[in-house]
Amino acid sequence: MAAHQITFTINGGQETALVTSHTTLLSLIREQLGLTGTKNGCATGECGACTVLLNGEPVNACMVLAVEVDGAEIVTVEGLAQDGQLDVLQQMFVEHTGTQCGFCTPGVLIMARALLDRNPNPSDDEIKDALRGNLCRCTGYVRIIEAVKAAAKAGG
Amino acid sequence: MPMPAALDRENPSVLVMPGPGLPAFDYVRASKPDEVCDLLLQHGDNARLLMGGTDILVLMRDGVLAPKILIDVKHLPGMTTISFDPAGGLRLGAAVSMNTMTAHPAVKQHYPLLAEAAQAVASYQLRTRATMGGNLCNASPAADTAPAALVLNARCVTWGPDGERIIPVGAFFRGPKQNVLMPGEFLAFIDVPIPPPGWVGRYIKLGRNAGGDLAIVGVAVLGYPDANAASGCRFRIALASVAPTPIRVPEAEAILANMPITGETLERAAPAAQAAARPIDDLRGSARYRKAMTRNLTRRALDDVWAGLRKEG
Ligand SMILES: Cc1cc2nc3c(=O)[nH]c(=O)nc-3n(C[C@H](O)[C@H](O)[C@H](O)COP(=O)(O)OP(=O)(O)OC[C@H]3O[C@@H](n4cnc5c(N)ncnc54)[C@H](O)[C@@H]3O)c2cc1C
Ligand code: FES
Ligand code: FES
């Protein structure tokens, strides 16, 4: 069984890891690097709880092989806050109660971050469409959408 | 090289157990086309190709497939390139992601139907990885980009032990999850010719929800003015999820070419599409429901395209 040495950037820091061919990016992040903010909900690309940024674009980490991220740049929910300051999205999720149990929140935050990065003023429909791959069993989505809108308004 | 401790299932002293994951295999990143052919011929069914992985990795995790090696073909020359030539049309590398395709200026301007179809697939984050090439190769009857590829007369350009082959998308599917690729052969490009002047296209997908569920029925319609048609217009119609493969419906297309386009003609074409559908019952919908929805969505897509054509003309 082949093992691969890979080097990548995660949340701004460089890392080297030894991974098997069948290690997913999700298990690299959670089990090898111990960054458990990113969640494992379905492991089949359905729920979005594992969403991270790969070279600036959101992906389902459960559907990416770790060996494929050699040389890549990854951002997880742990990388959103800068210098102890919450990202404006995180701040607005707190203020608007965009989170209840919190299981979907890391994926939703990453997805919303990617949305605001490419479209700073999304309409309600654009927000809903961007989040259609992120399942939330608690909030009913209304407050999530409010929080994303508030973040956009705050220059997010 | 030693295994990382957290992933060593053979070593019972390891406390951190990985969650249910993929079965073991060897990952190979191919850099030359012939290397892919050789590996495929050498390993037969034990080798599989990897692009976005959004089909193959699910099948492996579910235990349906257990290849010994996965060959990543994304890094072969041209596989992630999009090029457009006003005379020849669009060439999409097989491994171009759906998001890259959708955002490409030439696709937006000249092939909005491709973008519309790709955007019907799953979620944005899945489409960062999922490719139209993988969608076609996977050959699901429900493949959302297949009806658009069919009405655009797209061609699969493959590479194999005997060199290049060009296969019209209409001849690419063999059955549910089966394509016509030969041993050692793989998809390299998708070529999409310039559609007829004045064309209008539409893809309508019915899923169980507005989100990323597989299609219960998918209908693509492409219409264009044609002075040689008795009706002054030609329409191409293709369906997903209602037959063993995505299909064109020539019977309905003939009605629309031969009779003046009126509400009545559109009303007659839709049941012809319904008659061509040979759906199955599954958890997403019954065969009866699919047939009825084939008629309704065909009618709706035809109405949209006809309205677009009248606006243009
Ligand atoms: C949660 C989820 C939702 C989905 N929703 C939809 C949906 O709404 N609509 C839809 O149509 N699909 C859907 N899919 C299926 C899938 O995402 C698409 O079919 C996608 O386009 C596959 O592309 P890929 O690059 O990921 O393929 P891969 O998984 O990399 O490959 C697909 C198949 O083709 C083979 N292959 C790969 N590259 C080549 C090549 N170059 N030549 C020949 N064979 C090759 C692979 O071995 C595999 O069998 C969904 C999947 C998931 C996980
Ligand atoms: S854990 Fe990856 S999408 Fe659900
Ligand atoms: S807050 Fe519980 S799943 Fe979204």
# chains A, B, ... in the order shown; residues from 1 in each chain; ligands from 1
>>> interface_residues(of="chain B", to="chain A", cutoff="6 Å", atoms="only C-alpha atoms", output="PDB file with N, CA and C atoms, in the first residue's frame")
ATOM      1  N   LEU B  22     -12.560   4.889   2.969  1.00  0.00           N
ATOM      2  CA  LEU B  22     -12.415   4.236   1.681  1.00  0.00           C
ATOM      3  C   LEU B  22     -11.610   2.958   1.848  1.00  0.00           C
ATOM      4  N   ALA B  24      -8.640   0.366   0.874  1.00  0.00           N
ATOM      5  CA  ALA B  24      -7.278   0.694   0.455  1.00  0.00           C
ATOM      6  C   ALA B  24      -7.103   0.529  -1.057  1.00  0.00           C
ATOM      7  N   ASP B  26      -4.056   2.005  -4.402  1.00  0.00           N
ATOM      8  CA  ASP B  26      -2.895   2.838  -4.696  1.00  0.00           C
ATOM      9  C   ASP B  26      -3.301   3.969  -5.623  1.00  0.00           C
ATOM     10  N   TYR B  27      -2.889   5.185  -5.267  1.00  0.00           N
ATOM     11  CA  TYR B  27      -3.160   6.367  -6.083  1.00  0.00           C
ATOM     12  C   TYR B  27      -1.990   6.591  -7.024  1.00  0.00           C
ATOM     13  N   VAL B  58     -17.745   7.630  -4.046  1.00  0.00           N
ATOM     14  CA  VAL B  58     -18.971   7.193  -3.364  1.00  0.00           C
ATOM     15  C   VAL B  58     -19.167   5.685  -3.584  1.00  0.00           C
ATOM     16  N   SER B 123     -24.371  20.544  -5.508  1.00  0.00           N
ATOM     17  CA  SER B 123     -24.154  21.815  -4.818  1.00  0.00           C
ATOM     18  C   SER B 123     -22.906  22.493  -5.380  1.00  0.00           C
ATOM     19  N   GLN B 125     -20.197  23.416  -3.862  1.00  0.00           N
ATOM     20  CA  GLN B 125     -18.918  22.818  -3.434  1.00  0.00           C
ATOM     21  C   GLN B 125     -18.638  21.499  -4.132  1.00  0.00           C
ATOM     22  N   GLY B 211     -32.810  21.333  -4.194  1.00  0.00           N
ATOM     23  CA  GLY B 211     -31.370  21.174  -4.009  1.00  0.00           C
ATOM     24  C   GLY B 211     -30.797  20.092  -4.897  1.00  0.00           C
TER      25      GLY B 211
END
>>> residues_near_ligand(ligand="ligand 3", cutoff="9 Å", atoms="only C-alpha atoms and all ligand atoms", output="list in words")
Ala49, Gly98, Thr99, Gln100, Cys101, Gly102, Phe103, Cys104, Thr105, Val108, Asn134, Leu135, Cys136, Arg137, Cys138, Thr139, Gly140, Tyr141 and Ile144 of chain A
>>> residues_near_ligand(ligand="ligand 1", cutoff="7 Å", atoms="only C-alpha atoms and all ligand atoms", output="PyMOL selection string")
(chain A and resi 44-46) or (chain B and resi 48-58+73+94-95+120-122+126+129-135+137-138+142-145+186-188+212-215)
>>> residues_around(residues="A:Leu109", least_positions_apart="4", cutoff="8 Å", atoms="only C-alpha atoms", output="NGL selection string")
:A and (77 or 89-90 or 105 or 113)
>>> atom_distance(atom1="atom CA of B:Gly207", atom2="atom CA of B:Leu65")
26.4 Å
>>> select_by_dssp(residues="stretch 50-152 of chain A", states="alpha helix (DSSP H)", output="VMD selection string")
chain A and resid 88 to 95 105 to 118 124 to 130 142 to 152
>>> select_by_dssp(residues="stretch 55-130 of chain B", states="strand (DSSP E)", output="list in words")
Ile69, Leu70, Ile71, Asp72, Ile82, Ser83, Phe84, Asp85, Gly89, Leu90, Arg91, Leu92 and Gly93 of chain B
>>> atom_distance(atom1="atom CA of B:Gly88", atom2="atom CA of B:Pro250")
25.6 Å
>>> closest_residue(among="A:Gly107, A:Gly34, A:Gly71, A:Gly79", to="ligand 2", atoms="only C-alpha atoms and all ligand atoms")
A:Gly107
>>> residues_around(residues="A:Asp70", least_positions_apart="3", cutoff="7 Å", atoms="only C-alpha atoms", output="count of residues only")
4
>>> residues_around(residues="B:Arg295", least_positions_apart="6", cutoff="7 Å", atoms="only C-alpha atoms", output="ChimeraX atom specification")
/B:270-271,273-274
>>> residues_around(residues="B:Lys205", least_positions_apart="3", cutoff="7 Å", atoms="only C-alpha atoms", output="list in words")
Ala215, Val217, Gly218 and Val219 of chain B
>>> closest_residue(among="A:Thr36, A:Gly41, A:Gly13, A:Val88", to="ligand 2", atoms="only C-alpha atoms and all ligand atoms")
A:Gly41
>>> decode(residues="stretch 161-201 of chain B", atoms="N, CA and C atoms", output="CSV table (one decimal), in the first residue's frame")
chain,number,residue,atom,x,y,z
B,161,PRO,N,-5.3,2.8,-26.8
B,161,PRO,CA,-4.2,2.1,-27.4
B,161,PRO,C,-4.0,2.3,-28.9
B,162,ASP,N,-5.2,2.5,-29.6
B,162,ASP,CA,-5.1,2.7,-31.1
B,162,ASP,C,-5.2,4.2,-31.4
B,163,GLY,N,-5.0,5.1,-30.4
B,163,GLY,CA,-4.9,6.5,-30.7
B,163,GLY,C,-6.3,7.2,-30.4
B,164,GLU,N,-6.6,8.2,-31.2
B,164,GLU,CA,-7.7,9.1,-30.9
B,164,GLU,C,-9.0,8.5,-31.6
B,165,ARG,N,-10.1,8.7,-30.9
B,165,ARG,CA,-11.4,8.3,-31.4
B,165,ARG,C,-12.4,9.4,-31.1
B,166,ILE,N,-13.3,9.7,-32.1
B,166,ILE,CA,-14.3,10.7,-31.8
B,166,ILE,C,-15.7,10.0,-31.8
B,167,ILE,N,-16.4,10.1,-30.7
B,167,ILE,CA,-17.6,9.4,-30.5
B,167,ILE,C,-18.7,10.5,-30.2
B,168,PRO,N,-19.7,10.6,-31.1
B,168,PRO,CA,-20.8,11.5,-30.8
B,168,PRO,C,-21.5,11.1,-29.4
B,169,VAL,N,-21.9,12.1,-28.6
B,169,VAL,CA,-22.4,11.7,-27.3
B,169,VAL,C,-23.6,10.8,-27.5
B,170,GLY,N,-24.4,11.0,-28.6
B,170,GLY,CA,-25.5,10.1,-28.9
B,170,GLY,C,-25.1,8.6,-29.0
B,171,ALA,N,-23.9,8.3,-29.2
B,171,ALA,CA,-23.4,6.9,-29.4
B,171,ALA,C,-22.5,6.5,-28.2
B,172,PHE,N,-22.4,7.3,-27.2
B,172,PHE,CA,-21.5,7.1,-26.1
B,172,PHE,C,-22.0,6.2,-25.0
B,173,PHE,N,-23.3,6.3,-24.8
B,173,PHE,CA,-23.9,5.5,-23.7
B,173,PHE,C,-24.3,4.1,-24.2
B,174,ARG,N,-24.1,3.1,-23.4
B,174,ARG,CA,-24.4,1.7,-23.8
B,174,ARG,C,-25.6,1.2,-22.9
B,175,GLY,N,-25.7,1.7,-21.7
B,175,GLY,CA,-26.8,1.2,-20.8
B,175,GLY,C,-26.6,1.9,-19.5
B,176,PRO,N,-27.4,1.6,-18.5
B,176,PRO,CA,-27.2,2.3,-17.2
B,176,PRO,C,-25.8,2.1,-16.7
B,177,LYS,N,-25.0,3.2,-16.5
B,177,LYS,CA,-23.7,3.2,-15.9
B,177,LYS,C,-22.7,2.5,-16.9
B,178,GLN,N,-23.0,2.4,-18.2
B,178,GLN,CA,-22.1,1.8,-19.1
B,178,GLN,C,-21.9,2.7,-20.3
B,179,ASN,N,-20.6,2.9,-20.7
B,179,ASN,CA,-20.3,3.7,-21.9
B,179,ASN,C,-19.6,2.8,-22.9
B,180,VAL,N,-19.3,3.3,-24.0
B,180,VAL,CA,-18.7,2.4,-25.1
B,180,VAL,C,-17.2,2.5,-25.1
B,181,LEU,N,-16.5,3.0,-24.1
B,181,LEU,CA,-15.1,3.0,-24.1
B,181,LEU,C,-14.5,1.6,-24.1
B,182,MET,N,-13.4,1.4,-24.9
B,182,MET,CA,-12.8,0.1,-25.0
B,182,MET,C,-11.7,0.0,-23.9
B,183,PRO,N,-11.3,-1.3,-23.7
B,183,PRO,CA,-10.2,-1.4,-22.7
B,183,PRO,C,-9.0,-0.5,-23.0
B,184,GLY,N,-8.5,0.2,-22.0
B,184,GLY,CA,-7.4,1.0,-22.2
B,184,GLY,C,-7.7,2.4,-22.7
B,185,GLU,N,-9.0,2.7,-23.0
B,185,GLU,CA,-9.4,3.9,-23.6
B,185,GLU,C,-9.9,4.9,-22.5
B,186,PHE,N,-9.7,6.2,-22.7
B,186,PHE,CA,-10.3,7.1,-21.7
B,186,PHE,C,-10.8,8.4,-22.5
B,187,LEU,N,-11.6,9.2,-21.8
B,187,LEU,CA,-12.1,10.4,-22.4
B,187,LEU,C,-11.1,11.5,-22.1
B,188,ALA,N,-10.7,12.2,-23.2
B,188,ALA,CA,-9.7,13.3,-23.1
B,188,ALA,C,-10.4,14.7,-23.2
B,189,PHE,N,-11.3,14.8,-24.2
B,189,PHE,CA,-12.0,16.1,-24.4
B,189,PHE,C,-13.4,15.9,-24.7
B,190,ILE,N,-14.2,17.0,-24.5
B,190,ILE,CA,-15.5,17.1,-25.0
B,190,ILE,C,-15.6,18.2,-26.0
B,191,ASP,N,-15.9,17.9,-27.3
B,191,ASP,CA,-16.0,19.0,-28.3
B,191,ASP,C,-17.5,19.3,-28.5
B,192,VAL,N,-17.8,20.6,-28.5
B,192,VAL,CA,-19.1,21.1,-28.7
B,192,VAL,C,-19.1,22.0,-29.9
B,193,PRO,N,-19.8,21.6,-31.0
B,193,PRO,CA,-19.7,22.5,-32.2
B,193,PRO,C,-20.5,23.7,-31.9
B,194,ILE,N,-20.3,24.7,-32.8
B,194,ILE,CA,-21.1,25.9,-32.7
B,194,ILE,C,-22.6,25.6,-33.0
B,195,PRO,N,-23.5,25.9,-32.2
B,195,PRO,CA,-24.9,25.6,-32.4
B,195,PRO,C,-25.4,26.5,-33.6
B,196,PRO,N,-26.5,26.1,-34.2
B,196,PRO,CA,-27.1,26.8,-35.3
B,196,PRO,C,-27.4,28.3,-34.9
B,197,PRO,N,-27.3,29.2,-35.8
B,197,PRO,CA,-27.5,30.6,-35.5
B,197,PRO,C,-28.9,30.8,-34.9
B,198,GLY,N,-29.1,31.7,-34.0
B,198,GLY,CA,-30.4,32.1,-33.4
B,198,GLY,C,-30.9,31.0,-32.5
B,199,TRP,N,-30.1,30.1,-32.0
B,199,TRP,CA,-30.7,29.0,-31.1
B,199,TRP,C,-31.0,29.5,-29.8
B,200,VAL,N,-32.0,28.8,-29.2
B,200,VAL,CA,-32.3,29.0,-27.8
B,200,VAL,C,-32.4,27.7,-27.1
B,201,GLY,N,-31.9,27.6,-25.9
B,201,GLY,CA,-31.9,26.3,-25.1
B,201,GLY,C,-32.4,26.4,-23.8
